[in-house]
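One structure is given below, encoded as structure tokens.
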Amino acid sequence: MRRRTLITFLAAALPAGAALRAAGPIPSGALTPQVEEMRRNWRALLAKNADIATDPAPLTLSKDEWRKRLPPAAYAVLREEGTERPHTSPLNGEKRRGVYACAGCAWPLFSSEMKFDSGTGWPSYFTTIPGAFATTTDYKLLYPRIEYHCAKCGGHHGHVFDDGPRPTGQRWCNNGVALRFIPA
Ligand SMILES: [Zn+2]
């Protein structure tokens with residue numbers, strides 16, 4: 001097979017939206033002024049005296065310490081890159097105002113304004129609180145996906161795709177068990 005034919009074949013074999021791309025910085029999506037403001041002002045949705053982490057210094061624990069700290073389902077996702085079964089998280093239907101923090105370390109990740117109903121069975125967001133995550137590219141499926149993890153504790157949360165709604169076009173597909181919701 002000639003090289004060009006092979007590339008054409010591979011492109012056709014990939015699911016829509018799964019464009020080949022190299023690992024890189026966190027995709028920012030289309031940050032309209034409204035999204036920029038939403039990202040900047042997430043604290044307006046944070047309850048008074050909410051228990052969240054404010055120090056960005058990395059939280060590093062041993063496997064045993066994480067096991068003691070987390071319920072088994074959260075441990076499997078956050079520390080072993082597991083995926084919860086779709087439609088199992090109570091946070092899928094969560095519509096109250098508030099802030100979503102990391103279940104491992106309480107680092108703030110999303111506000112309720114960033115959430116949308118993707119129909120996938122996992123809590124989904126079209127942008128994040130600034131500094132929430134770092135990303136890597138994983139190849140567990142045949143095509144590369146951008147895996148993202150908590151910027152503070154390194155816990156795995158989900159994957160970000162480029163088939164989300166306007167205005168950013170992003171879909172941050174997050175395991176609900178890795179999140180803790182704090183109502184406003
Ligand atoms: Zn964390």
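The way I read the labels, and the way they are meant: chains A, B, ... in the order of the structure tokens, residue 1 as the first residue of every chain, and ligand 1 as the first ligand shown, with later ones counted on from there.
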Per residue of chain A within 8 Å of ligand 1, what are the shortest atom pair and its distance in Å to one decimal, counting only C-alpha atoms and all ligand atoms, with rows by chain and residue number, as a Markdown table?
| residue | atom | partner | partner_atom_place_in_ligand_line | distance |
| --- | --- | --- | --- | --- |
| A:Leu59 | CA | ligand 1 | 1 (Zn) | 7.8 |
| A:Ala101 | CA | ligand 1 | 1 (Zn) | 7.8 |
| A:Cys102 | CA | ligand 1 | 1 (Zn) | 4.6 |
| A:Ala103 | CA | ligand 1 | 1 (Zn) | 6.5 |
| A:Gly104 | CA | ligand 1 | 1 (Zn) | 4.7 |
| A:Cys105 | CA | ligand 1 | 1 (Zn) | 4.2 |
| A:Ala106 | CA | ligand 1 | 1 (Zn) | 6.1 |
| A:Trp107 | CA | ligand 1 | 1 (Zn) | 5.4 |
| A:His149 | CA | ligand 1 | 1 (Zn) | 7.7 |
| A:Cys150 | CA | ligand 1 | 1 (Zn) | 4.6 |
| A:Ala151 | CA | ligand 1 | 1 (Zn) | 6.7 |
| A:Lys152 | CA | ligand 1 | 1 (Zn) | 5.2 |
| A:Cys153 | CA | ligand 1 | 1 (Zn) | 4.1 |
| A:Gly154 | CA | ligand 1 | 1 (Zn) | 6.0 |
| A:Gly155 | CA | ligand 1 | 1 (Zn) | 5.4 |
For the residues selected in the previous step, produce a file with C-alpha atoms as an mmCIF file, in the first residue's frame.
data_model
loop_
_atom_site.group_PDB
_atom_site.id
_atom_site.type_symbol
_atom_site.label_atom_id
_atom_site.label_comp_id
_atom_site.auth_asym_id
_atom_site.auth_seq_id
_atom_site.Cartn_x
_atom_site.Cartn_y
_atom_site.Cartn_z
ATOM 1 C CA LEU A 59 -0.058 16.465 46.842
ATOM 2 C CA ALA A 101 -13.680 19.705 43.201
ATOM 3 C CA CYS A 102 -11.285 16.753 42.919
ATOM 4 C CA ALA A 103 -12.428 13.868 45.136
ATOM 5 C CA GLY A 104 -8.775 13.107 45.834
ATOM 6 C CA CYS A 105 -7.451 16.474 46.968
ATOM 7 C CA ALA A 106 -10.293 19.054 46.865
ATOM 8 C CA TRP A 107 -8.646 21.075 44.061
ATOM 9 C CA HIS A 149 -5.478 14.709 35.379
ATOM 10 C CA CYS A 150 -5.744 16.912 38.454
ATOM 11 C CA ALA A 151 -3.002 19.542 38.505
ATOM 12 C CA LYS A 152 -2.557 19.125 42.267
ATOM 13 C CA CYS A 153 -2.718 15.380 43.049
ATOM 14 C CA GLY A 154 -2.214 13.946 39.551
ATOM 15 C CA GLY A 155 -5.431 11.908 39.833
#
Who sits within 8 Å of segment 162-164 of chain A, only C-alpha atoms, same chain under 5 positions skipped, as number ranges by chain: A: 17, 118, 126, 169-171
Spatial neighbours of Trp66 of chain A, 10 Å, only C-alpha atoms, chain gap at least 5 places, as an NGL selection string: :A and (60-61 or 71-72 or 74-75 or 78-79 or 104)
Would you put the residues from that selection into a file with N, CA and C atoms, as a PDB file, in the first residue's frame?
ATOM      1  N   THR A  60       1.439  14.582  47.077  1.00  0.00           N
ATOM      2  CA  THR A  60       2.025  13.297  46.689  1.00  0.00           C
ATOM      3  C   THR A  60       1.873  12.319  47.842  1.00  0.00           C
ATOM      4  N   LEU A  61       1.139  11.231  47.587  1.00  0.00           N
ATOM      5  CA  LEU A  61       0.940  10.198  48.606  1.00  0.00           C
ATOM      6  C   LEU A  61       1.336   8.848  48.023  1.00  0.00           C
ATOM      7  N   PRO A  71     -12.488   5.887  48.726  1.00  0.00           N
ATOM      8  CA  PRO A  71     -13.322   4.687  48.532  1.00  0.00           C
ATOM      9  C   PRO A  71     -12.786   3.916  47.317  1.00  0.00           C
ATOM     10  N   PRO A  72     -12.997   2.587  47.263  1.00  0.00           N
ATOM     11  CA  PRO A  72     -12.423   1.779  46.172  1.00  0.00           C
ATOM     12  C   PRO A  72     -12.760   2.279  44.763  1.00  0.00           C
ATOM     13  N   ALA A  74     -13.432   5.322  43.735  1.00  0.00           N
ATOM     14  CA  ALA A  74     -12.695   6.549  43.434  1.00  0.00           C
ATOM     15  C   ALA A  74     -11.209   6.233  43.249  1.00  0.00           C
ATOM     16  N   TYR A  75     -10.694   5.300  44.039  1.00  0.00           N
ATOM     17  CA  TYR A  75      -9.293   4.899  43.905  1.00  0.00           C
ATOM     18  C   TYR A  75      -9.047   4.322  42.504  1.00  0.00           C
ATOM     19  N   LEU A  78      -9.156   7.421  39.992  1.00  0.00           N
ATOM     20  CA  LEU A  78      -8.152   8.468  40.197  1.00  0.00           C
ATOM     21  C   LEU A  78      -6.718   7.937  40.148  1.00  0.00           C
ATOM     22  N   ARG A  79      -6.493   6.777  40.733  1.00  0.00           N
ATOM     23  CA  ARG A  79      -5.112   6.300  40.875  1.00  0.00           C
ATOM     24  C   ARG A  79      -4.753   5.187  39.901  1.00  0.00           C
ATOM     25  N   GLY A 104     -10.016  13.537  45.211  1.00  0.00           N
ATOM     26  CA  GLY A 104      -8.775  13.107  45.834  1.00  0.00           C
ATOM     27  C   GLY A 104      -8.137  14.169  46.709  1.00  0.00           C
TER      28      GLY A 104
END
Shell around Thr128 of chain A at 8 Å using only C-alpha atoms, local window under 4 positions removed, as number ranges by chain: A: 39, 109-111, 114, 132
With C-alpha atoms kept, could you save the residues just selected as a PDB file, in the first residue's frame?
ATOM      1  CA  ARG A  39     -13.452  30.857  34.127  1.00  0.00           C
ATOM      2  CA  LEU A 109     -11.994  21.874  38.729  1.00  0.00           C
ATOM      3  CA  PHE A 110     -15.306  23.060  37.258  1.00  0.00           C
ATOM      4  CA  SER A 111     -18.203  25.364  38.110  1.00  0.00           C
ATOM      5  CA  MET A 114     -19.450  24.929  32.701  1.00  0.00           C
ATOM      6  CA  ALA A 132      -7.417  22.715  37.098  1.00  0.00           C
TER       7      ALA A 132
END
Which of chain A DSSP labels strand (DSSP E or B), written as a ChimeraX atom specification: /A:98-102,108-111,115-116,124-125,133-138,145-150,156-161,171-174,179-183
So that I have them on file, write out the residues from the current selection with N, CA and C atoms, as a short mmCIF file (atom, residue, chain, number, x, y, z; two decimals), in the first residue's frame.
data_model
loop_
_atom_site.label_atom_id
_atom_site.label_comp_id
_atom_site.auth_asym_id
_atom_site.auth_seq_id
_atom_site.Cartn_x
_atom_site.Cartn_y
_atom_site.Cartn_z
N GLY A 98 -22.96 25.56 41.85
CA GLY A 98 -21.89 25.19 42.77
C GLY A 98 -20.59 24.93 42.05
N VAL A 99 -19.68 24.26 42.77
CA VAL A 99 -18.32 24.01 42.27
C VAL A 99 -18.02 22.52 42.40
N TYR A 100 -17.35 21.97 41.38
CA TYR A 100 -16.92 20.57 41.39
C TYR A 100 -15.43 20.53 41.72
N ALA A 101 -15.08 19.80 42.78
CA ALA A 101 -13.68 19.70 43.20
C ALA A 101 -13.19 18.27 43.02
N CYS A 102 -11.88 18.09 43.03
CA CYS A 102 -11.29 16.75 42.92
C CYS A 102 -11.61 15.95 44.18
N PRO A 108 -10.18 22.76 43.06
CA PRO A 108 -11.37 23.15 42.28
C PRO A 108 -11.17 22.93 40.78
N LEU A 109 -12.16 22.30 40.12
CA LEU A 109 -11.99 21.87 38.73
C LEU A 109 -12.98 22.53 37.76
N PHE A 110 -14.26 22.51 38.14
CA PHE A 110 -15.31 23.06 37.26
C PHE A 110 -16.31 23.84 38.10
N SER A 111 -17.02 24.79 37.46
CA SER A 111 -18.20 25.36 38.11
C SER A 111 -19.44 24.82 37.40
N LYS A 115 -21.04 23.12 33.00
CA LYS A 115 -21.57 21.78 32.79
C LYS A 115 -22.62 21.78 31.67
N PHE A 116 -22.68 20.70 30.91
CA PHE A 116 -23.76 20.52 29.94
C PHE A 116 -24.13 19.04 29.88
N SER A 124 -20.26 16.13 32.06
CA SER A 124 -19.50 16.74 30.97
C SER A 124 -19.48 18.26 31.10
N TYR A 125 -18.38 18.85 30.67
CA TYR A 125 -18.14 20.28 30.85
C TYR A 125 -17.52 20.83 29.57
N PHE A 133 -6.26 21.33 35.45
CA PHE A 133 -5.77 20.05 34.93
C PHE A 133 -4.46 20.17 34.17
N ALA A 134 -3.78 19.04 34.05
CA ALA A 134 -2.71 18.86 33.08
C ALA A 134 -3.13 17.70 32.18
N THR A 135 -2.52 17.57 31.01
CA THR A 135 -2.95 16.54 30.05
C THR A 135 -1.78 15.71 29.53
N THR A 136 -2.12 14.50 29.10
CA THR A 136 -1.19 13.68 28.32
C THR A 136 -2.01 13.01 27.24
N THR A 137 -1.34 12.42 26.27
CA THR A 137 -2.06 11.68 25.23
C THR A 137 -1.95 10.20 25.52
N ASP A 138 -3.09 9.49 25.54
CA ASP A 138 -3.01 8.05 25.75
C ASP A 138 -3.46 7.30 24.50
N ARG A 145 -6.07 9.77 22.54
CA ARG A 145 -7.07 10.57 23.23
C ARG A 145 -6.33 11.44 24.23
N ILE A 146 -6.84 12.63 24.50
CA ILE A 146 -6.19 13.48 25.47
C ILE A 146 -6.74 13.18 26.85
N GLU A 147 -5.93 12.56 27.66
CA GLU A 147 -6.27 12.23 29.05
C GLU A 147 -5.92 13.44 29.90
N TYR A 148 -6.76 13.75 30.86
CA TYR A 148 -6.41 14.86 31.74
C TYR A 148 -6.44 14.42 33.20
N HIS A 149 -5.59 15.07 33.97
CA HIS A 149 -5.48 14.71 35.38
C HIS A 149 -5.33 15.95 36.23
N CYS A 150 -5.74 15.81 37.49
CA CYS A 150 -5.74 16.91 38.45
C CYS A 150 -4.35 17.52 38.55
N HIS A 156 -6.29 10.80 37.85
CA HIS A 156 -6.94 10.74 36.53
C HIS A 156 -8.41 11.12 36.66
N HIS A 157 -8.89 11.97 35.75
CA HIS A 157 -10.31 12.36 35.79
C HIS A 157 -11.09 11.93 34.56
N GLY A 158 -10.49 12.04 33.37
CA GLY A 158 -11.24 11.68 32.16
C GLY A 158 -10.46 12.03 30.91
N HIS A 159 -11.21 12.27 29.83
CA HIS A 159 -10.61 12.62 28.54
C HIS A 159 -11.33 13.84 27.98
N VAL A 160 -10.58 14.65 27.23
CA VAL A 160 -11.20 15.82 26.60
C VAL A 160 -11.26 15.60 25.10
N PHE A 161 -12.46 15.88 24.54
CA PHE A 161 -12.71 15.67 23.11
C PHE A 161 -13.09 17.01 22.47
N ARG A 171 -15.42 18.94 25.00
CA ARG A 171 -16.20 18.07 25.89
C ARG A 171 -15.23 17.42 26.86
N TRP A 172 -15.23 17.93 28.09
CA TRP A 172 -14.42 17.34 29.16
C TRP A 172 -15.28 16.26 29.79
N CYS A 173 -14.96 15.02 29.47
CA CYS A 173 -15.78 13.88 29.87
C CYS A 173 -15.18 13.32 31.16
N ASN A 174 -15.89 13.57 32.28
CA ASN A 174 -15.27 13.32 33.59
C ASN A 174 -15.97 12.19 34.34
N LEU A 179 -15.16 13.23 41.30
CA LEU A 179 -15.55 14.61 41.64
C LEU A 179 -16.28 14.67 42.97
N ARG A 180 -16.20 15.82 43.60
CA ARG A 180 -17.05 16.09 44.77
C ARG A 180 -17.75 17.40 44.49
N PHE A 181 -19.07 17.39 44.52
CA PHE A 181 -19.86 18.59 44.23
C PHE A 181 -20.11 19.38 45.51
N ILE A 182 -19.87 20.68 45.45
CA ILE A 182 -20.11 21.56 46.59
C ILE A 182 -21.18 22.57 46.17
N PRO A 183 -22.42 22.39 46.63
CA PRO A 183 -23.48 23.32 46.24
C PRO A 183 -23.15 24.74 46.69
#
d(atom CA of Arg166 of chain A, atom CA of Ile52 of chain A) in Å: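 Distance reported for this atom pair: 28.9 Å.
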Length of the atom CA of Gly119 of chain A to atom CA of Tyr143 of chain A vector [Å]: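 Atom-to-atom, atom CA of Gly119 of chain A to atom CA of Tyr143 of chain A, that is 22.1 Å.
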Residues flagged alpha helix (DSSP H) by DSSP in segment 9-113 of chain A, as a PyMOL selection string: chain A and resi 9-13+33-40+63-69+72-78
Residue nearest Thr168 of chain A - candidates A:Pro33, A:Ala73, A:Thr127, A:Pro90, atoms counted: only C-alpha atoms: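 When distances to Thr168 of chain A are compared using only C-alpha atoms, the smallest one comes from A:Thr127.
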Pairwise distance for atom CA of Glu37 of chain A and atom CA of Pro167 of chain A, rounded to one decimal in Å: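 Distance between the two atoms: 12.9 Å.
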Residues near Thr120 of chain A, cut-off 8 Å, only C-alpha atoms, skip fewer than 2 positions along chain, as a ChimeraX atom specification: /A:86-87,118,122
Go ahead and dump the residues you just picked, N, CA and C atoms, as a tab-separated table (two decimals), in the first residue's frame.
chain	number	residue	atom	x	y	z
A	86	PRO	N	-20.97	4.07	32.49
A	86	PRO	CA	-21.77	5.25	32.18
A	86	PRO	C	-23.12	5.20	32.88
A	87	HIS	N	-23.71	6.37	33.06
A	87	HIS	CA	-25.04	6.52	33.67
A	87	HIS	C	-25.08	6.01	35.11
A	118	SER	N	-24.31	15.96	27.96
A	118	SER	CA	-23.74	15.41	26.72
A	118	SER	C	-24.48	14.17	26.26
A	122	TRP	N	-21.72	10.41	31.37
A	122	TRP	CA	-20.70	10.92	32.27
A	122	TRP	C	-20.88	12.43	32.40
